[in-house]
Amino acid sequence: MRRLIDWADHRTGFRGIMHEALYERIPGGARWRYVWGSTLVFTFVLQMITGTFLWMAYSPSTRTAWESVFYIQNEMQYGNVVRGIHHYAAQAMIVLMALHLMQVIIDGAYKAPREFNFWIGLILLQIVLGLALTGYLLPWDQKGYYATQVATKIAGATPLIGAQLQTLIQGGTEYGHHTLTRFFAMHAGVLPAALIGFLVLHIAAFRKHGITTPDPNRGPESKFWPDQILKDAVACLAVLAVIMTFAIRYGAELNAPADPSEPFLSARPEWYFLFLFRFLKFHAVEQYGLAFGAIYIPGILMGILALMPLIARVKGGHFFNLGFMSVMLAGAGTLTVMAVMEDNQDPDFIRDLTLAKRDAHRINELASSPTKIPVEGAVSLLRNDPLTQGPRIFKKACSSCHRHNGKDGLGFDVMEVVEGNEVPALETAADLGTFGSREWVVSLLTVYPDRFAPLKNLKDENGESIGARFLEGDMASFCIDNRDALLAPENKESLEAIVEFVVAQSNRDFTPPVNADLVKAGRGIFETGTLKKGVIADCMSCHSMHARGEEAALSEDGYGPDLTGYASAEWLKSFISDPGAEQHYGDNNLMPAYGEKLSEKELDLLVRWMVGDYYHAEGSHADENDAETPPAESTEDEIPTATLGEPDADDVDDAKTE
Amino acid sequence: MSKTLDALPETKTEESQQKGSELPATDTRRDFTTKFFAGLIGALVMFIPLVSGVLFLLDPLMRKRKGEADDGFLKVTTLASLPDDGTPVRVQVIKDLTDAWNFFPKQPIGGVYLRKIGDQVLAFNQTCPHLGCAVDYRPAMDAFYCPCHASQFSLDGVKQNVIPPRDLDSLVAEVRNGNEVWINFQNYRGGIEEKVAL
C-alpha cells in the first residue's frame, strides 16, 4: 500500500498538495469565528450536489418546467427533500455570505495586501445573487414568473442598451421557452463555472496571505487539519441541520403555474431582495425612474463597497467603512421589515396571497388527478377548471348584485367605495351560495321572502323600490299561504318529497344521492298539492314542467317560470343568458341578460362551478352544493346558513402569519 | 489552487511537514480524537445530501407499473383488413400514454405484424429481440428481416440465423365480435434468450 502511494506521489506530487491544503498555519489557534468561509463553500457544494440531481429531472420549457418541478416535488421519492435542500441552501448561502462579508469588513481583512481577494469576493457575491435570481424563475410558477419580470424590466431600464439587453436576457421580447433555456444555462452552467473559477482564485489568494488574525498571540499556533476542520465541520453540520429542518418541515414552495393572463398581485421577490423592492417603491426614488433606483443607486453603493480597501488607506477610512456597512445593514434591515409589515397590514395583499395559495392547492389536486397533465401544460388545467374560474367570473359578473354565501364568490366581502371609504356593498339579489341544493328549494317553499330579501334594496332610476314584484308576488304568496302546512311535523316527508322532485330535475350529483321513491312521491305533490296531512296549492298550475326522464310534459303553458331541468347546467345557461325569456321570468325579470356579456366558455365555467361539475379530489370536501342540513330540520324562519364554500379559515390565517 | 502551490517555495512545505510530525507525544491522543470527529462530521455532512440525491435518482426503480384497468387487450384493426393469404401486415398500436407528469390520450406506442391464418390471427411485436430495431417484412425473402444487424425470422416468427437470441416475440391475439382484432400488446427485454416482459 505504502509503495503504491509512493509510486503515485512520485508521479503526481499529491502528498505535497494534500499537505499544503490541510496543514495551513493558523496563528493563535483554530477559532469558531473562522468558520464562515468554509460554511459558504459547503453550501455551494450542497447546491452542486442537489442541483445536479434536480437537473436530471428538470425540463426547461414553458410547458414542462412547472410540470417537471411538480413531478419532482410530489411524485418522485425524496424529490421534496432534494428540492427543499436546494431551495433553503440557496437562502442560507445569502445569509452566510452577508455574515462573511461583515466579518471581513469588521476584522479589516479587506485591507492591503488583500484588496484583490476582497474584490474577488465581491464578484462571487454578484455570481451568487445571479444564481439566486436565475434559479427563482426555473420552476415557472406565478411567483417566480412575476418576480423575475421585475428583474428583467430593471435590465430593460439600463441606459442606451436596455431594450436590447432585456431581449437578449429573455431570448425574445416576451418570456417564453428561450427565457427558460437561457436562465437554466446560466443557472446550471455559466454561473456555477464562473463561481468555481473565482472561488479557486479566492481561496488561492487567501492562502497566499494567510488568515487575518485579530489576535495572533491568543494561543498556540494550530493547523487547518484537524483543529480548524473540526470546527468547520461542526458549523457545516449546524448549517445543514437548519436547512434540513426547513426543507422537511416547510418544504420548497411551488405556486400555480405561470400564467401571463392571470395577474399575481402578491408577487414579491425572495426575502433577501425585499429591501430593494421596498426601496424602489419610495416616491422619492420612483420619480427619477427605474434606472435611478434599481441601477444607479445600487451601483454607487456597490462601488463604495468595492472602494473600501482604498478608503481604508486614508486615516479614519476603516471607521468610515464600518459606518458605511452599519448604515447599509440597518437600511436594508429596516426596508425589509417595512416591506413585510406593510404587506401584512394590506388586506389586498392578504386577499391575493390567499387566492394564490388556493390556486396552488387546486393545481396540486388537478395535476395529481388520474388524468394527470395534458400536453398543453398545467396552466390549461387551471384555466379550464370551473372551481378556479367560476368564482372569478361570479365575482366579476354577478357579485355586484348577488352574493355567494355572503361573499363575492372568491370568499371575500363585496366592498364599494363611498366618499372615499371602502364600505360593504349592498346586495340587491338572492344569495346563490346554495343555489339548486335541497336547502335552496326548501327555502323557496318556506321562506321565499327571506330568500329574496335583498331585492328590497333594488331601486329603479327614480329611486323607487322595484323588488315588490317578487317579494309580494305569487310565489311569495304561495310560500306564506302554505308554509305552515309544509313545515308541519306530519308533513316532514311530504316536504322532503317535493324538494327531492325539484332537485332531481337538475341532474346534479347530490350527497346523499337523489332518492327515486321520494322523487315519485314529490311528483304527485307537484301535480296535486296533496300532502300527507292537508292539501296545498299545487305547483303545476303556475309552473310548466317537463319532468326529467318522462316523455310527455307534466304541465304546459304555466305563467310562472318553466321548471323543466330546473337548476341544471343547461337551465342555468339558458337563464343567465336571457333571464327575461318567456320560459324564465318573462316581463317580471329584473336581471340583465348575460348571453352577450359572458363568452360561451365563461358561461360554461360559471355554470359548471355552480352545479358542482368539476374534479373533486379524493378526500376533499364533499359536494359543496349539498352541504346542508336535512330539509325538515331547517324549520326556522331564516335562511339556513351554508357550511361550505367559504375559504378555509386556515388559509387566511396562514396568509396573515407569513 | 495549483497557482498558489506553484508560487510557494518548496522549503515551506518541508518545514510544515516537519512541524506536523513533531507534535508532543501528550497531544497525540487529543489530536487523534480531533481527527476522528473532524472526519466523521465532515463525512456526515456530505453523506446526507448525497444519499438524498441518490435515493431521488433511484426513483424509476421504485416505480411499480400500475395495473391495467382493462384486460390489457387493445383493438388494433379488423379481420377484414388482413389479407387472406397470410401476408404480414404492420399495424400501429394506439393506447393512452402516461409519461412522467403527462397524459397523452391515444398515442402510437408500438407496432405489430399481424397475419391472418384461417379465422385465427398471429401477432408479433415488431421490435427485434436482438437489439431493439424494428424488423421489416421482406416479401422477396419471405421473411422478417432486421435492417440493423441482419436478424432474420420466418413468417411464423422462428429465428433463421444466429444473430437474434430468440424468436420474434409473439403476442396473444383474439378475434372478438366476429371482426375485431384485439391483441395483448407487450414489450420484452432485448438481447437475452428468455422472453421477459418489460
# chains A, B, ... in the order shown; residues from 1 in each chain; ligands from 1
>>> interface_residues(of="chain B", to="chain A", cutoff="7 Å", atoms="only C-alpha atoms", output="NGL selection string")
:B and (1 or 4 or 13 or 34-35 or 37-38 or 41-42 or 45 or 49-50 or 52-53 or 55-57 or 59 or 101-104)
>>> write_last_selection(atoms="N, CA and C atoms", output="PDB file, in the first residue's frame")
ATOM      1  N   MET B   1      -6.212  26.363  -7.198  1.00  0.00           N
ATOM      2  CA  MET B   1      -5.336  26.218  -6.047  1.00  0.00           C
ATOM      3  C   MET B   1      -3.903  25.953  -6.485  1.00  0.00           C
ATOM      4  N   THR B   4      -1.321  28.771  -6.385  1.00  0.00           N
ATOM      5  CA  THR B   4      -0.674  29.032  -5.103  1.00  0.00           C
ATOM      6  C   THR B   4       0.483  28.074  -4.894  1.00  0.00           C
ATOM      7  N   THR B  13       6.881  23.843   2.500  1.00  0.00           N
ATOM      8  CA  THR B  13       6.187  22.575   2.633  1.00  0.00           C
ATOM      9  C   THR B  13       6.959  21.646   3.566  1.00  0.00           C
ATOM     10  N   THR B  34      -9.592  14.605  17.738  1.00  0.00           N
ATOM     11  CA  THR B  34      -9.987  15.716  16.870  1.00  0.00           C
ATOM     12  C   THR B  34     -10.118  15.245  15.437  1.00  0.00           C
ATOM     13  N   LYS B  35      -9.094  14.477  14.986  1.00  0.00           N
ATOM     14  CA  LYS B  35      -9.122  13.989  13.604  1.00  0.00           C
ATOM     15  C   LYS B  35     -10.332  13.100  13.376  1.00  0.00           C
ATOM     16  N   PHE B  37     -13.268  13.001  14.910  1.00  0.00           N
ATOM     17  CA  PHE B  37     -14.559  13.711  14.829  1.00  0.00           C
ATOM     18  C   PHE B  37     -14.623  14.642  13.626  1.00  0.00           C
ATOM     19  N   ALA B  38     -13.466  15.258  13.309  1.00  0.00           N
ATOM     20  CA  ALA B  38     -13.467  16.125  12.123  1.00  0.00           C
ATOM     21  C   ALA B  38     -13.826  15.309  10.891  1.00  0.00           C
ATOM     22  N   ILE B  41     -17.715  13.992  11.202  1.00  0.00           N
ATOM     23  CA  ILE B  41     -18.733  15.014  10.944  1.00  0.00           C
ATOM     24  C   ILE B  41     -18.620  15.506   9.511  1.00  0.00           C
ATOM     25  N   GLY B  42     -17.366  15.663   9.042  1.00  0.00           N
ATOM     26  CA  GLY B  42     -17.177  16.076   7.648  1.00  0.00           C
ATOM     27  C   GLY B  42     -17.833  15.100   6.699  1.00  0.00           C
ATOM     28  N   VAL B  45     -21.824  15.363   6.885  1.00  0.00           N
ATOM     29  CA  VAL B  45     -22.499  16.484   6.215  1.00  0.00           C
ATOM     30  C   VAL B  45     -22.508  16.301   4.697  1.00  0.00           C
ATOM     31  N   PRO B  49     -26.739  14.939   1.978  1.00  0.00           N
ATOM     32  CA  PRO B  49     -27.269  15.368   0.673  1.00  0.00           C
ATOM     33  C   PRO B  49     -27.021  14.347  -0.431  1.00  0.00           C
ATOM     34  N   LEU B  50     -25.859  13.679  -0.372  1.00  0.00           N
ATOM     35  CA  LEU B  50     -25.556  12.702  -1.424  1.00  0.00           C
ATOM     36  C   LEU B  50     -26.560  11.556  -1.412  1.00  0.00           C
ATOM     37  N   SER B  52     -29.596  11.535  -0.121  1.00  0.00           N
ATOM     38  CA  SER B  52     -30.917  12.014  -0.560  1.00  0.00           C
ATOM     39  C   SER B  52     -30.966  12.059  -2.076  1.00  0.00           C
ATOM     40  N   GLY B  53     -29.894  12.576  -2.670  1.00  0.00           N
ATOM     41  CA  GLY B  53     -29.854  12.706  -4.122  1.00  0.00           C
ATOM     42  C   GLY B  53     -29.870  11.362  -4.810  1.00  0.00           C
ATOM     43  N   LEU B  55     -31.054   8.510  -3.646  1.00  0.00           N
ATOM     44  CA  LEU B  55     -32.389   7.910  -3.494  1.00  0.00           C
ATOM     45  C   LEU B  55     -33.366   8.543  -4.479  1.00  0.00           C
ATOM     46  N   PHE B  56     -33.225   9.839  -4.662  1.00  0.00           N
ATOM     47  CA  PHE B  56     -34.061  10.563  -5.621  1.00  0.00           C
ATOM     48  C   PHE B  56     -33.829  10.016  -7.037  1.00  0.00           C
ATOM     49  N   LEU B  57     -32.562   9.779  -7.339  1.00  0.00           N
ATOM     50  CA  LEU B  57     -32.207   9.290  -8.674  1.00  0.00           C
ATOM     51  C   LEU B  57     -32.736   7.878  -8.906  1.00  0.00           C
ATOM     52  N   ASP B  59     -35.480   6.745  -8.150  1.00  0.00           N
ATOM     53  CA  ASP B  59     -36.945   6.764  -8.241  1.00  0.00           C
ATOM     54  C   ASP B  59     -37.509   5.805  -9.296  1.00  0.00           C
ATOM     55  N   TRP B 101     -45.142  13.244 -15.859  1.00  0.00           N
ATOM     56  CA  TRP B 101     -46.264  14.074 -15.420  1.00  0.00           C
ATOM     57  C   TRP B 101     -47.356  14.192 -16.474  1.00  0.00           C
ATOM     58  N   ASN B 102     -47.069  13.773 -17.701  1.00  0.00           N
ATOM     59  CA  ASN B 102     -48.018  13.998 -18.785  1.00  0.00           C
ATOM     60  C   ASN B 102     -48.925  12.811 -19.028  1.00  0.00           C
ATOM     61  N   PHE B 103     -50.102  13.131 -19.532  1.00  0.00           N
ATOM     62  CA  PHE B 103     -51.015  12.102 -20.014  1.00  0.00           C
ATOM     63  C   PHE B 103     -51.336  12.428 -21.462  1.00  0.00           C
ATOM     64  N   PHE B 104     -51.029  11.516 -22.367  1.00  0.00           N
ATOM     65  CA  PHE B 104     -51.316  11.712 -23.782  1.00  0.00           C
ATOM     66  C   PHE B 104     -52.373  10.706 -24.204  1.00  0.00           C
TER      67      PHE B 104
END
>>> select_by_dssp(residues="stretch 370-508 of chain A", states="helix (DSSP H, G or I)", output="PDB file with C-alpha atoms, in the first residue's frame")
ATOM      1  CA  ALA A 378     -50.679  22.529 -16.229  1.00  0.00           C
ATOM      2  CA  VAL A 379     -51.690  26.127 -16.818  1.00  0.00           C
ATOM      3  CA  SER A 380     -54.537  24.887 -19.011  1.00  0.00           C
ATOM      4  CA  LEU A 381     -55.846  22.786 -16.118  1.00  0.00           C
ATOM      5  CA  LEU A 382     -56.466  25.900 -14.047  1.00  0.00           C
ATOM      6  CA  ARG A 383     -57.788  27.905 -16.968  1.00  0.00           C
ATOM      7  CA  PRO A 386     -64.720  25.509 -13.052  1.00  0.00           C
ATOM      8  CA  LEU A 387     -63.737  25.544  -9.385  1.00  0.00           C
ATOM      9  CA  THR A 388     -60.916  28.007 -10.146  1.00  0.00           C
ATOM     10  CA  GLN A 389     -62.555  30.155 -12.799  1.00  0.00           C
ATOM     11  CA  GLY A 390     -66.212  30.014 -11.708  1.00  0.00           C
ATOM     12  CA  PRO A 391     -65.722  32.117  -8.577  1.00  0.00           C
ATOM     13  CA  ARG A 392     -63.668  34.674 -10.515  1.00  0.00           C
ATOM     14  CA  ILE A 393     -66.422  35.009 -13.099  1.00  0.00           C
ATOM     15  CA  PHE A 394     -69.041  35.205 -10.356  1.00  0.00           C
ATOM     16  CA  LYS A 395     -67.108  37.996  -8.695  1.00  0.00           C
ATOM     17  CA  LYS A 396     -66.727  39.875 -11.954  1.00  0.00           C
ATOM     18  CA  ALA A 397     -70.199  39.376 -13.418  1.00  0.00           C
ATOM     19  CA  CYS A 398     -72.575  38.515 -10.589  1.00  0.00           C
ATOM     20  CA  ARG A 438     -82.152  20.794  -1.311  1.00  0.00           C
ATOM     21  CA  GLU A 439     -81.656  23.572   1.170  1.00  0.00           C
ATOM     22  CA  TRP A 440     -82.266  26.129  -1.586  1.00  0.00           C
ATOM     23  CA  VAL A 441     -85.551  24.544  -2.648  1.00  0.00           C
ATOM     24  CA  VAL A 442     -86.718  24.288   0.964  1.00  0.00           C
ATOM     25  CA  SER A 443     -86.067  27.981   1.384  1.00  0.00           C
ATOM     26  CA  LEU A 444     -88.032  28.808  -1.805  1.00  0.00           C
ATOM     27  CA  LEU A 445     -91.029  26.911  -0.492  1.00  0.00           C
ATOM     28  CA  THR A 446     -90.929  28.035   3.109  1.00  0.00           C
ATOM     29  CA  TYR A 448     -89.296  32.790  -0.062  1.00  0.00           C
ATOM     30  CA  PRO A 449     -89.485  36.446   1.027  1.00  0.00           C
ATOM     31  CA  ASP A 450     -86.354  35.972   3.138  1.00  0.00           C
ATOM     32  CA  ARG A 451     -84.512  34.193   0.374  1.00  0.00           C
ATOM     33  CA  ALA A 453     -84.993  39.819   0.773  1.00  0.00           C
ATOM     34  CA  PRO A 454     -82.028  41.624  -0.854  1.00  0.00           C
ATOM     35  CA  LEU A 455     -84.389  42.629  -3.663  1.00  0.00           C
ATOM     36  CA  LYS A 456     -85.695  45.264  -1.251  1.00  0.00           C
ATOM     37  CA  ASN A 457     -82.500  47.170  -1.956  1.00  0.00           C
ATOM     38  CA  ALA A 468     -92.042  44.010  -4.813  1.00  0.00           C
ATOM     39  CA  ARG A 469     -92.978  42.044  -7.924  1.00  0.00           C
ATOM     40  CA  PHE A 470     -91.039  39.144  -6.399  1.00  0.00           C
ATOM     41  CA  LEU A 471     -91.284  39.893  -2.701  1.00  0.00           C
ATOM     42  CA  ASP A 474     -97.396  34.927  -6.481  1.00  0.00           C
ATOM     43  CA  MET A 475     -94.596  32.694  -5.283  1.00  0.00           C
ATOM     44  CA  ALA A 476     -94.244  34.777  -2.133  1.00  0.00           C
ATOM     45  CA  SER A 477     -97.974  34.427  -1.566  1.00  0.00           C
ATOM     46  CA  PHE A 478     -97.762  30.696  -2.140  1.00  0.00           C
ATOM     47  CA  CYS A 479     -94.983  30.466   0.402  1.00  0.00           C
ATOM     48  CA  ILE A 480     -96.806  32.496   3.041  1.00  0.00           C
ATOM     49  CA  ASP A 481    -100.082  30.668   2.496  1.00  0.00           C
ATOM     50  CA  ASN A 482     -98.672  27.166   2.547  1.00  0.00           C
ATOM     51  CA  ARG A 483     -95.564  27.145   4.648  1.00  0.00           C
ATOM     52  CA  ASP A 484     -97.315  26.239   7.862  1.00  0.00           C
ATOM     53  CA  ALA A 485     -98.677  23.139   6.168  1.00  0.00           C
ATOM     54  CA  LEU A 486     -95.320  22.307   4.618  1.00  0.00           C
ATOM     55  CA  LEU A 487     -93.499  22.739   7.882  1.00  0.00           C
ATOM     56  CA  PRO A 489     -94.173  17.832  11.597  1.00  0.00           C
ATOM     57  CA  GLU A 490     -96.557  15.308   9.982  1.00  0.00           C
ATOM     58  CA  ASN A 491     -95.602  16.621   6.534  1.00  0.00           C
ATOM     59  CA  LYS A 492     -91.866  16.225   7.037  1.00  0.00           C
ATOM     60  CA  GLU A 493     -91.735  13.524   4.431  1.00  0.00           C
ATOM     61  CA  SER A 494     -94.011  15.386   2.024  1.00  0.00           C
ATOM     62  CA  LEU A 495     -91.712  18.384   2.094  1.00  0.00           C
ATOM     63  CA  GLU A 496     -88.708  16.146   1.550  1.00  0.00           C
ATOM     64  CA  ALA A 497     -90.526  14.555  -1.378  1.00  0.00           C
ATOM     65  CA  ILE A 498     -91.416  17.756  -3.201  1.00  0.00           C
ATOM     66  CA  VAL A 499     -87.879  19.041  -2.629  1.00  0.00           C
ATOM     67  CA  GLU A 500     -86.449  15.789  -3.911  1.00  0.00           C
ATOM     68  CA  PHE A 501     -88.585  16.007  -7.027  1.00  0.00           C
ATOM     69  CA  VAL A 502     -87.423  19.550  -7.768  1.00  0.00           C
ATOM     70  CA  VAL A 503     -83.715  18.937  -7.174  1.00  0.00           C
ATOM     71  CA  ALA A 504     -83.883  15.759  -9.256  1.00  0.00           C
TER      72      ALA A 504
END
>>> residues_around(residues="stretch 327-329 of chain A", least_positions_apart="2", cutoff="12 Å", atoms="only C-alpha atoms", output="PyMOL selection string")
chain A and resi 98-99+101-102+272+275-276+298+301-302+304-305+320-325+331-336
>>> write_last_selection(atoms="N, CA and C atoms", output="CSV table (one decimal), in the first residue's frame")
chain,number,residue,atom,x,y,z
A,98,ALA,N,-23.5,37.3,3.7
A,98,ALA,CA,-23.6,38.6,4.4
A,98,ALA,C,-22.7,38.5,5.6
A,99,LEU,N,-22.8,37.4,6.4
A,99,LEU,CA,-22.0,37.3,7.6
A,99,LEU,C,-20.5,37.3,7.3
A,101,LEU,N,-19.0,38.6,4.7
A,101,LEU,CA,-18.6,40.0,4.3
A,101,LEU,C,-18.5,40.9,5.5
A,102,MET,N,-19.5,40.8,6.4
A,102,MET,CA,-19.4,41.6,7.6
A,102,MET,C,-18.1,41.3,8.4
A,272,TYR,N,-34.6,38.1,0.6
A,272,TYR,CA,-33.4,38.9,0.6
A,272,TYR,C,-33.3,40.0,-0.4
A,275,PHE,N,-35.7,44.3,0.4
A,275,PHE,CA,-35.3,45.7,0.7
A,275,PHE,C,-35.2,46.5,-0.6
A,276,LEU,N,-34.7,45.9,-1.6
A,276,LEU,CA,-34.6,46.6,-2.9
A,276,LEU,C,-36.0,46.9,-3.5
A,298,PRO,N,-28.0,51.4,-6.4
A,298,PRO,CA,-27.2,50.1,-6.0
A,298,PRO,C,-25.8,50.1,-6.6
A,301,LEU,N,-23.6,52.3,-4.4
A,301,LEU,CA,-23.4,51.6,-3.1
A,301,LEU,C,-22.4,50.5,-3.3
A,302,MET,N,-22.5,49.7,-4.3
A,302,MET,CA,-21.6,48.6,-4.6
A,302,MET,C,-20.2,49.2,-4.9
A,304,ILE,N,-18.9,51.9,-3.7
A,304,ILE,CA,-18.3,52.3,-2.4
A,304,ILE,C,-17.8,51.1,-1.7
A,305,LEU,N,-18.5,50.0,-1.8
A,305,LEU,CA,-18.1,48.8,-1.1
A,305,LEU,C,-16.8,48.3,-1.8
A,320,PHE,N,-14.8,54.8,8.6
A,320,PHE,CA,-15.8,55.1,7.6
A,320,PHE,C,-16.5,53.9,7.0
A,321,ASN,N,-15.6,52.9,6.7
A,321,ASN,CA,-16.2,51.7,6.1
A,321,ASN,C,-17.1,50.9,7.1
A,322,LEU,N,-16.7,50.9,8.3
A,322,LEU,CA,-17.5,50.2,9.3
A,322,LEU,C,-18.9,50.9,9.4
A,323,GLY,N,-18.8,52.3,9.4
A,323,GLY,CA,-20.0,53.1,9.5
A,323,GLY,C,-20.9,52.8,8.3
A,324,PHE,N,-20.3,52.8,7.1
A,324,PHE,CA,-21.0,52.6,5.9
A,324,PHE,C,-21.7,51.3,5.9
A,325,MET,N,-21.0,50.2,6.3
A,325,MET,CA,-21.5,48.9,6.4
A,325,MET,C,-22.7,48.9,7.4
A,331,GLY,N,-30.2,50.0,7.0
A,331,GLY,CA,-31.1,50.4,6.0
A,331,GLY,C,-31.8,49.2,5.3
A,332,ALA,N,-31.0,48.2,4.9
A,332,ALA,CA,-31.6,47.0,4.3
A,332,ALA,C,-32.6,46.3,5.3
A,333,GLY,N,-32.1,46.2,6.6
A,333,GLY,CA,-33.0,45.6,7.6
A,333,GLY,C,-34.3,46.3,7.7
A,334,THR,N,-34.2,47.7,7.9
A,334,THR,CA,-35.4,48.5,8.0
A,334,THR,C,-36.3,48.3,6.9
A,335,LEU,N,-35.8,48.4,5.7
A,335,LEU,CA,-36.6,48.3,4.5
A,335,LEU,C,-37.3,46.9,4.4
A,336,THR,N,-36.6,45.9,4.8
A,336,THR,CA,-37.2,44.5,4.7
A,336,THR,C,-38.3,44.5,5.7
>>> residues_around(residues="stretch 106-120 of chain B", least_positions_apart="3", cutoff="8 Å", atoms="only C-alpha atoms", output="number ranges by chain")
B: 79, 82-97, 123-127, 174-175
>>> write_last_selection(atoms="C-alpha atoms", output="PDB file, in the first residue's frame")
ATOM      1  CA  LEU B  79     -60.133  -9.044 -39.516  1.00  0.00           C
ATOM      2  CA  LEU B  82     -55.939  -8.542 -43.184  1.00  0.00           C
ATOM      3  CA  PRO B  83     -55.193 -10.414 -46.425  1.00  0.00           C
ATOM      4  CA  ASP B  84     -56.482 -13.985 -46.543  1.00  0.00           C
ATOM      5  CA  ASP B  85     -53.203 -15.431 -47.835  1.00  0.00           C
ATOM      6  CA  GLY B  86     -51.423 -14.790 -44.548  1.00  0.00           C
ATOM      7  CA  THR B  87     -49.241 -11.934 -45.788  1.00  0.00           C
ATOM      8  CA  PRO B  88     -47.998  -9.978 -42.750  1.00  0.00           C
ATOM      9  CA  VAL B  89     -49.459  -6.525 -42.232  1.00  0.00           C
ATOM     10  CA  ARG B  90     -47.901  -3.966 -39.931  1.00  0.00           C
ATOM     11  CA  VAL B  91     -50.338  -2.020 -37.754  1.00  0.00           C
ATOM     12  CA  GLN B  92     -49.814   0.658 -35.114  1.00  0.00           C
ATOM     13  CA  VAL B  93     -50.829   0.034 -31.546  1.00  0.00           C
ATOM     14  CA  ILE B  94     -52.700   3.034 -30.157  1.00  0.00           C
ATOM     15  CA  LYS B  95     -53.016   3.470 -26.443  1.00  0.00           C
ATOM     16  CA  ASP B  96     -53.298   6.188 -23.841  1.00  0.00           C
ATOM     17  CA  LEU B  97     -49.775   7.025 -22.779  1.00  0.00           C
ATOM     18  CA  ALA B 123     -49.326 -11.334 -33.910  1.00  0.00           C
ATOM     19  CA  PHE B 124     -45.657 -10.415 -33.455  1.00  0.00           C
ATOM     20  CA  ASN B 125     -44.126  -7.426 -31.762  1.00  0.00           C
ATOM     21  CA  GLN B 126     -42.168  -5.634 -34.472  1.00  0.00           C
ATOM     22  CA  THR B 127     -39.240  -4.987 -32.127  1.00  0.00           C
ATOM     23  CA  GLU B 174     -58.035 -12.598 -30.216  1.00  0.00           C
ATOM     24  CA  VAL B 175     -60.828 -12.083 -32.692  1.00  0.00           C
TER      25      VAL B 175
END
>>> closest_residue(among="A:Ala90, A:Ala155, A:Met610, A:Ala553", to="A:Ser568", atoms="only C-alpha atoms")
A:Met610
